[in-house]
Structure formats: C-alpha cells, structure tokens
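Okay, run03.pdb is below, PDB, C-alpha atoms and all ligand atoms:
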ATOM      1  CA  MET A   1     107.216 102.126  91.202  1.00  0.00           C
ATOM      2  CA  ASP A   2     105.137 104.039  88.652  1.00  0.00           C
ATOM      3  CA  GLN A   3     102.353 102.423  86.691  1.00  0.00           C
ATOM      4  CA  THR A   4     104.284 102.212  83.393  1.00  0.00           C
ATOM      5  CA  MET A   5     107.144 100.399  85.075  1.00  0.00           C
ATOM      6  CA  LEU A   6     104.726  98.072  86.839  1.00  0.00           C
ATOM      7  CA  ILE A   7     103.053  97.172  83.517  1.00  0.00           C
ATOM      8  CA  THR A   8     106.501  96.491  82.030  1.00  0.00           C
ATOM      9  CA  ARG A   9     107.342  94.203  84.940  1.00  0.00           C
ATOM     10  CA  LEU A  10     104.005  92.397  84.655  1.00  0.00           C
ATOM     11  CA  ASN A  11     104.560  91.909  80.920  1.00  0.00           C
ATOM     12  CA  TRP A  12     107.826  90.172  81.755  1.00  0.00           C
ATOM     13  CA  PHE A  13     105.916  87.711  83.977  1.00  0.00           C
ATOM     14  CA  TYR A  14     103.250  87.375  81.296  1.00  0.00           C
ATOM     15  CA  SER A  15     105.989  86.366  78.803  1.00  0.00           C
ATOM     16  CA  LEU A  16     107.713  84.046  81.262  1.00  0.00           C
ATOM     17  CA  GLU A  17     104.462  82.228  82.037  1.00  0.00           C
ATOM     18  CA  LEU A  18     103.647  81.871  78.306  1.00  0.00           C
ATOM     19  CA  ASN A  19     107.139  80.478  77.649  1.00  0.00           C
ATOM     20  CA  GLN A  20     106.675  78.006  80.493  1.00  0.00           C
ATOM     21  CA  ILE A  21     103.414  76.712  79.036  1.00  0.00           C
ATOM     22  CA  ASP A  22     105.238  75.928  75.759  1.00  0.00           C
ATOM     23  CA  LEU A  23     108.131  74.353  77.646  1.00  0.00           C
ATOM     24  CA  TYR A  24     106.004  72.124  79.886  1.00  0.00           C
ATOM     25  CA  MET A  25     103.685  71.104  77.044  1.00  0.00           C
ATOM     26  CA  SER A  26     106.690  70.041  74.963  1.00  0.00           C
ATOM     27  CA  GLN A  27     107.929  68.051  77.967  1.00  0.00           C
ATOM     28  CA  TYR A  28     104.459  66.546  78.305  1.00  0.00           C
ATOM     29  CA  GLY A  29     104.814  65.312  74.715  1.00  0.00           C
ATOM     30  CA  ASN A  30     108.387  64.103  75.173  1.00  0.00           C
ATOM     31  CA  PHE A  31     107.605  62.012  78.251  1.00  0.00           C
ATOM     32  CA  LEU A  32     104.182  60.774  77.167  1.00  0.00           C
ATOM     33  CA  GLY A  33     103.099  57.661  79.009  1.00  0.00           C
ATOM     34  CA  SER A  34     104.998  58.524  82.193  1.00  0.00           C
ATOM     35  CA  TYR A  35     103.719  60.009  85.450  1.00  0.00           C
ATOM     36  CA  GLU A  36     106.112  62.950  84.886  1.00  0.00           C
ATOM     37  CA  SER A  37     104.295  63.716  81.644  1.00  0.00           C
ATOM     38  CA  ILE A  38     101.034  64.188  83.564  1.00  0.00           C
ATOM     39  CA  VAL A  39     102.818  66.465  86.034  1.00  0.00           C
ATOM     40  CA  PHE A  40     104.209  68.584  83.172  1.00  0.00           C
ATOM     41  CA  GLU A  41     100.758  68.859  81.613  1.00  0.00           C
ATOM     42  CA  ARG A  42      99.145  69.834  84.913  1.00  0.00           C
ATOM     43  CA  THR A  43     101.940  72.329  85.588  1.00  0.00           C
ATOM     44  CA  ALA A  44     101.361  73.907  82.146  1.00  0.00           C
ATOM     45  CA  PHE A  45      97.672  74.245  83.045  1.00  0.00           C
ATOM     46  CA  ILE A  46      98.575  76.160  86.219  1.00  0.00           C
ATOM     47  CA  GLU A  47     100.982  78.392  84.254  1.00  0.00           C
ATOM     48  CA  GLN A  48      98.030  79.152  81.949  1.00  0.00           C
ATOM     49  CA  GLU A  49      96.116  80.361  85.028  1.00  0.00           C
ATOM     50  CA  HIS A  50      99.086  82.617  85.781  1.00  0.00           C
ATOM     51  CA  VAL A  51      99.067  83.980  82.215  1.00  0.00           C
ATOM     52  CA  ASP A  52      95.376  84.758  82.607  1.00  0.00           C
ATOM     53  CA  ASN A  53      95.606  86.365  86.040  1.00  0.00           C
ATOM     54  CA  ILE A  54      98.645  88.482  85.088  1.00  0.00           C
ATOM     55  CA  ALA A  55      96.921  89.551  81.844  1.00  0.00           C
ATOM     56  CA  ALA A  56      93.857  90.605  83.844  1.00  0.00           C
ATOM     57  CA  GLN A  57      96.011  92.720  86.184  1.00  0.00           C
ATOM     58  CA  ILE A  58      97.793  94.380  83.215  1.00  0.00           C
ATOM     59  CA  ARG A  59      94.418  95.282  81.677  1.00  0.00           C
ATOM     60  CA  LYS A  60      93.184  96.667  85.013  1.00  0.00           C
ATOM     61  CA  LEU A  61      96.181  99.003  84.988  1.00  0.00           C
ATOM     62  CA  GLY A  62      95.269 100.184  81.483  1.00  0.00           C
ATOM     63  CA  GLY A  63      97.951  98.192  79.680  1.00  0.00           C
ATOM     64  CA  SER A  64      97.733  95.450  77.126  1.00  0.00           C
ATOM     65  CA  PRO A  65      99.403  92.078  77.699  1.00  0.00           C
ATOM     66  CA  THR A  66     102.462  91.929  75.434  1.00  0.00           C
ATOM     67  CA  LYS A  67     104.694  88.942  74.798  1.00  0.00           C
ATOM     68  CA  LEU A  68     108.346  89.975  75.009  1.00  0.00           C
ATOM     69  CA  GLY A  69     109.668  86.923  73.165  1.00  0.00           C
ATOM     70  CA  ASP A  70     111.988  84.285  74.576  1.00  0.00           C
ATOM     71  CA  VAL A  71     112.715  85.044  78.213  1.00  0.00           C
ATOM     72  CA  LEU A  72     113.823  81.515  79.120  1.00  0.00           C
ATOM     73  CA  SER A  73     117.208  81.503  77.338  1.00  0.00           C
ATOM     74  CA  PRO A  74     118.635  84.407  79.394  1.00  0.00           C
ATOM     75  CA  ILE A  75     117.563  82.584  82.580  1.00  0.00           C
ATOM     76  CA  LEU A  76     119.250  79.358  81.516  1.00  0.00           C
ATOM     77  CA  GLY A  77     122.297  81.244  80.222  1.00  0.00           C
ATOM     78  CA  LYS A  78     125.033  79.294  78.510  1.00  0.00           C
ATOM     79  CA  VAL A  79     123.390  75.941  79.128  1.00  0.00           C
ATOM     80  CA  ALA A  80     120.163  76.967  77.387  1.00  0.00           C
ATOM     81  CA  GLY A  81     120.843  75.384  74.012  1.00  0.00           C
ATOM     82  CA  SER A  82     122.124  72.096  75.337  1.00  0.00           C
ATOM     83  CA  ILE A  83     119.798  71.727  78.306  1.00  0.00           C
ATOM     84  CA  LEU A  84     116.630  72.319  76.307  1.00  0.00           C
ATOM     85  CA  SER A  85     117.637  70.143  73.369  1.00  0.00           C
ATOM     86  CA  ILE A  86     118.585  67.231  75.618  1.00  0.00           C
ATOM     87  CA  SER A  87     115.356  65.576  76.597  1.00  0.00           C
ATOM     88  CA  GLY A  88     116.719  63.428  79.428  1.00  0.00           C
ATOM     89  CA  LEU A  89     114.618  63.750  82.549  1.00  0.00           C
ATOM     90  CA  GLU A  90     117.519  64.914  84.725  1.00  0.00           C
ATOM     91  CA  ASN A  91     118.335  67.896  82.464  1.00  0.00           C
ATOM     92  CA  VAL A  92     114.687  68.755  82.047  1.00  0.00           C
ATOM     93  CA  LEU A  93     114.165  68.856  85.815  1.00  0.00           C
ATOM     94  CA  LYS A  94     117.294  70.956  86.339  1.00  0.00           C
ATOM     95  CA  ALA A  95     116.191  73.479  83.715  1.00  0.00           C
ATOM     96  CA  ASN A  96     112.687  73.622  85.176  1.00  0.00           C
ATOM     97  CA  ILE A  97     114.059  74.255  88.668  1.00  0.00           C
ATOM     98  CA  LEU A  98     116.254  77.117  87.403  1.00  0.00           C
ATOM     99  CA  ILE A  99     113.281  78.740  85.686  1.00  0.00           C
ATOM    100  CA  GLU A 100     110.889  78.274  88.618  1.00  0.00           C
ATOM    101  CA  GLN A 101     113.462  79.702  91.029  1.00  0.00           C
ATOM    102  CA  LYS A 102     113.906  82.757  88.809  1.00  0.00           C
ATOM    103  CA  ALA A 103     110.123  83.197  88.786  1.00  0.00           C
ATOM    104  CA  MET A 104     110.009  82.885  92.592  1.00  0.00           C
ATOM    105  CA  ASN A 105     112.824  85.412  93.064  1.00  0.00           C
ATOM    106  CA  ASP A 106     111.161  87.916  90.776  1.00  0.00           C
ATOM    107  CA  TYR A 107     107.646  87.453  92.198  1.00  0.00           C
ATOM    108  CA  THR A 108     109.057  87.949  95.697  1.00  0.00           C
ATOM    109  CA  GLU A 109     110.938  91.069  94.634  1.00  0.00           C
ATOM    110  CA  LEU A 110     107.889  92.593  92.956  1.00  0.00           C
ATOM    111  CA  ILE A 111     105.633  91.789  95.932  1.00  0.00           C
ATOM    112  CA  ASN A 112     108.099  93.524  98.247  1.00  0.00           C
ATOM    113  CA  THR A 113     108.500  96.476  95.886  1.00  0.00           C
ATOM    114  CA  ILE A 114     104.833  97.290  95.349  1.00  0.00           C
ATOM    115  CA  GLN A 115     103.909  96.815  99.030  1.00  0.00           C
ATOM    116  CA  ASP A 116     100.247  97.891  99.237  1.00  0.00           C
ATOM    117  CA  ASN A 117     100.490 100.733  96.720  1.00  0.00           C
ATOM    118  CA  TYR A 118      98.338  98.979  94.133  1.00  0.00           C
ATOM    119  CA  GLY A 119      95.768  97.440  96.452  1.00  0.00           C
ATOM    120  CA  PRO A 120      95.426  93.979  97.932  1.00  0.00           C
ATOM    121  CA  GLU A 121      94.239  92.179  94.777  1.00  0.00           C
ATOM    122  CA  LEU A 122      97.434  92.500  92.717  1.00  0.00           C
ATOM    123  CA  LYS A 123      99.514  91.550  95.717  1.00  0.00           C
ATOM    124  CA  LYS A 124      97.339  88.469  96.336  1.00  0.00           C
ATOM    125  CA  VAL A 125      97.595  87.351  92.682  1.00  0.00           C
ATOM    126  CA  LEU A 126     101.394  87.635  92.822  1.00  0.00           C
ATOM    127  CA  GLN A 127     101.539  85.815  96.170  1.00  0.00           C
ATOM    128  CA  HIS A 128      99.377  82.949  94.897  1.00  0.00           C
ATOM    129  CA  ASN A 129     101.487  82.601  91.735  1.00  0.00           C
ATOM    130  CA  LEU A 130     104.598  82.587  93.931  1.00  0.00           C
ATOM    131  CA  VAL A 131     103.193  79.741  96.054  1.00  0.00           C
ATOM    132  CA  ASP A 132     102.387  77.731  92.898  1.00  0.00           C
ATOM    133  CA  GLU A 133     105.972  78.188  91.635  1.00  0.00           C
ATOM    134  CA  ASP A 134     107.194  77.114  95.069  1.00  0.00           C
ATOM    135  CA  THR A 135     105.227  73.848  94.835  1.00  0.00           C
ATOM    136  CA  HIS A 136     106.455  73.265  91.255  1.00  0.00           C
ATOM    137  CA  THR A 137     110.050  73.770  92.408  1.00  0.00           C
ATOM    138  CA  ALA A 138     109.514  71.414  95.346  1.00  0.00           C
ATOM    139  CA  TRP A 139     108.143  68.639  93.140  1.00  0.00           C
ATOM    140  CA  PHE A 140     110.866  68.984  90.474  1.00  0.00           C
ATOM    141  CA  THR A 141     113.524  68.995  93.224  1.00  0.00           C
ATOM    142  CA  MET A 142     112.041  65.922  94.897  1.00  0.00           C
ATOM    143  CA  ARG A 143     111.858  64.065  91.586  1.00  0.00           C
ATOM    144  CA  LEU A 144     115.440  65.039  90.736  1.00  0.00           C
ATOM    145  CA  ALA A 145     116.617  63.660  94.110  1.00  0.00           C
ATOM    146  CA  ASP A 146     114.736  60.385  93.401  1.00  0.00           C
ATOM    147  CA  TYR A 147     116.394  60.274  89.975  1.00  0.00           C
ATOM    148  CA  ASP A 148     119.870  60.791  91.450  1.00  0.00           C
ATOM    149  CA  ASN A 149     119.231  58.083  94.043  1.00  0.00           C
ATOM    150  CA  SER A 150     117.978  55.630  91.441  1.00  0.00           C
ATOM    151  CA  VAL A 151     121.086  56.224  89.325  1.00  0.00           C
ATOM    152  CA  LEU A 152     123.259  55.490  92.366  1.00  0.00           C
ATOM    153  CA  VAL A 153     121.312  52.311  93.122  1.00  0.00           C
ATOM    154  CA  ASP A 154     121.438  51.117  89.505  1.00  0.00           C
ATOM    155  CA  SER A 155     125.188  51.644  89.049  1.00  0.00           C
TER     156      SER A 155
HETATM  157 FE    FE A 201     103.765  80.437  86.796  1.00  0.00          FE
HETATM  158 FE    FE A 202     105.586  77.233  87.837  1.00  0.00          FE
END
Please express the file's structure as structure tokens.
Amino acid sequence: MDQTMLITRLNWFYSLELNQIDLYMSQYGNFLGSYESIVFERTAFIEQEHVDNIAAQIRKLGGSPTKLGDVLSPILGKVAGSILSISGLENVLKANILIEQKAMNDYTELINTIQDNYGPELKKVLQHNLVDEDTHTAWFTMRLADYDNSVLVDS
C-alpha cells in the first residue's frame, strides 16, 4: 500500500472515530443518570484518544487529518435513520455493536495489509485501538444480553 492510500485509509478511521465521539456523547446525554451513560461518556473519551493517535500518525506520514463527513450511516445501512433516532437502550446497543465491529474488521484488515512496512509504531497504535474496540463491543454485547434477559423475566 502506498503512502497516499494509507493516509486515505487513516482519514477514514479518523472520521469514524470523530463520528463515534458525537454518537456516544449524545447517548451519554440521552441516558443521563444511568450507569450506561457513564460508560458512553468513558467510551467517547477513549474514541477521542483514537482520534488523537490516528491524527498523529497521519501527520507523521505528511498528511493532514481530514474529516470525511458521516461514515456511520453507510455502516448502519437501511436501519440508520430509525436506529439512531430511536433512543431505546436496546437499539442504541445494537447500533454501537455494528459500528464497533466494522471498526474492528477494518483495523484488522489494515494491520494485516501494512505488515511491518511502516514501522512498529503505526502497527502498535492500530493494534491498541483494535483492542479498545474489542472491549467496547464486549461490554455492549454483554449489556444487550442482560437487557434481553431482563425483558424475558419481566414479561
Ligand atoms: Fe475507536
Ligand atoms: Fe470503540
């Protein structure tokens, strides 16, 4: 992968991470007063770290971090409008899982594609971001399972 293509790919992650900060901060506001709200806020903080570390890698390659606009809607596809406007916890968790899984897939693919061509630091940044997305996915999935169980118990 040449450097221009790599910068383009990194800008996609930069945009995704920025979009996720907005998403999780809006969820923080929507669920204020709940434990989930604190998780969304903390998750947004970690996505901010990803924005910063991706931006630093883009600059090291001679590029400038560029926001590509809304990259979440294509990930969520047809359900985007409804899933993001419905603020129920179940839908929110499902949307978050879809987005985190897309991030994980794409981080994994880029890590495998660049191999060691761009040095160990970029690879390490991408690997650490991947692990963070993995833990976010795990928590959202666990909470969604709890939610499903509680609905079964209540009904
Ligand atoms: Fe992230
Ligand atoms: Fe994440």
Expand the PyMOL selection byres (((not hetatm)) within 6 of (chain A and resi 201)) into the individual residues it matches in the shown file, reporting them as a ChimeraX atom specification.
/A:17,47,50,129,133
Nearest to Ser73 in chain A among A:Gln3, A:Asn19, A:Thr8, A:Thr135, with distances taken over all atoms listed in the file: which residue is it?
A:Asn19
Could you write out as a PyMOL selection string the residues that the PyMOL selection byres (((chain A and resi 54-67) around 10) and not hetatm) matches in the shown file?
chain A and resi 3-4+6-19+48-53+68-71+118+121-122+125-126+129
If the PyMOL selection byres (((chain A and resi 39) around 12) and not hetatm) is run on the structure shown, which residues does it catch, given as a ChimeraX atom specification?
/A:24-25,27-29,31-38,40-46,93,135-136,139-140,143
Okay, now the selection with C-alpha atoms, as a PDB file, keeping the file's coordinate frame?
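Generated file (selection_24.pdb):
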ATOM      1  CA  TYR A  24     106.004  72.124  79.886  1.00  0.00           C
ATOM      2  CA  MET A  25     103.685  71.104  77.044  1.00  0.00           C
ATOM      3  CA  GLN A  27     107.929  68.051  77.967  1.00  0.00           C
ATOM      4  CA  TYR A  28     104.459  66.546  78.305  1.00  0.00           C
ATOM      5  CA  GLY A  29     104.814  65.312  74.715  1.00  0.00           C
ATOM      6  CA  PHE A  31     107.605  62.012  78.251  1.00  0.00           C
ATOM      7  CA  LEU A  32     104.182  60.774  77.167  1.00  0.00           C
ATOM      8  CA  GLY A  33     103.099  57.661  79.009  1.00  0.00           C
ATOM      9  CA  SER A  34     104.998  58.524  82.193  1.00  0.00           C
ATOM     10  CA  TYR A  35     103.719  60.009  85.450  1.00  0.00           C
ATOM     11  CA  GLU A  36     106.112  62.950  84.886  1.00  0.00           C
ATOM     12  CA  SER A  37     104.295  63.716  81.644  1.00  0.00           C
ATOM     13  CA  ILE A  38     101.034  64.188  83.564  1.00  0.00           C
ATOM     14  CA  PHE A  40     104.209  68.584  83.172  1.00  0.00           C
ATOM     15  CA  GLU A  41     100.758  68.859  81.613  1.00  0.00           C
ATOM     16  CA  ARG A  42      99.145  69.834  84.913  1.00  0.00           C
ATOM     17  CA  THR A  43     101.940  72.329  85.588  1.00  0.00           C
ATOM     18  CA  ALA A  44     101.361  73.907  82.146  1.00  0.00           C
ATOM     19  CA  PHE A  45      97.672  74.245  83.045  1.00  0.00           C
ATOM     20  CA  ILE A  46      98.575  76.160  86.219  1.00  0.00           C
ATOM     21  CA  LEU A  93     114.165  68.856  85.815  1.00  0.00           C
ATOM     22  CA  THR A 135     105.227  73.848  94.835  1.00  0.00           C
ATOM     23  CA  HIS A 136     106.455  73.265  91.255  1.00  0.00           C
ATOM     24  CA  TRP A 139     108.143  68.639  93.140  1.00  0.00           C
ATOM     25  CA  PHE A 140     110.866  68.984  90.474  1.00  0.00           C
ATOM     26  CA  ARG A 143     111.858  64.065  91.586  1.00  0.00           C
TER      27      ARG A 143
END
Correct to one decimal, the distance CA of Val131 in chain A-CA of Asn112 in chain A is 14.8 Å
Among listed residues A:Asp2, A:Glu100, A:Glu109, A:Glu90, nearest Ala145 in chain A (using all atoms listed in the file):
A:Glu90
Of the listed residues A:Pro74, A:Tyr147, A:Asn117, A:Ile99, that which approaches ligand FE 202 (chain A) most closely, counting only C-alpha atoms and all ligand atoms
A:Ile99
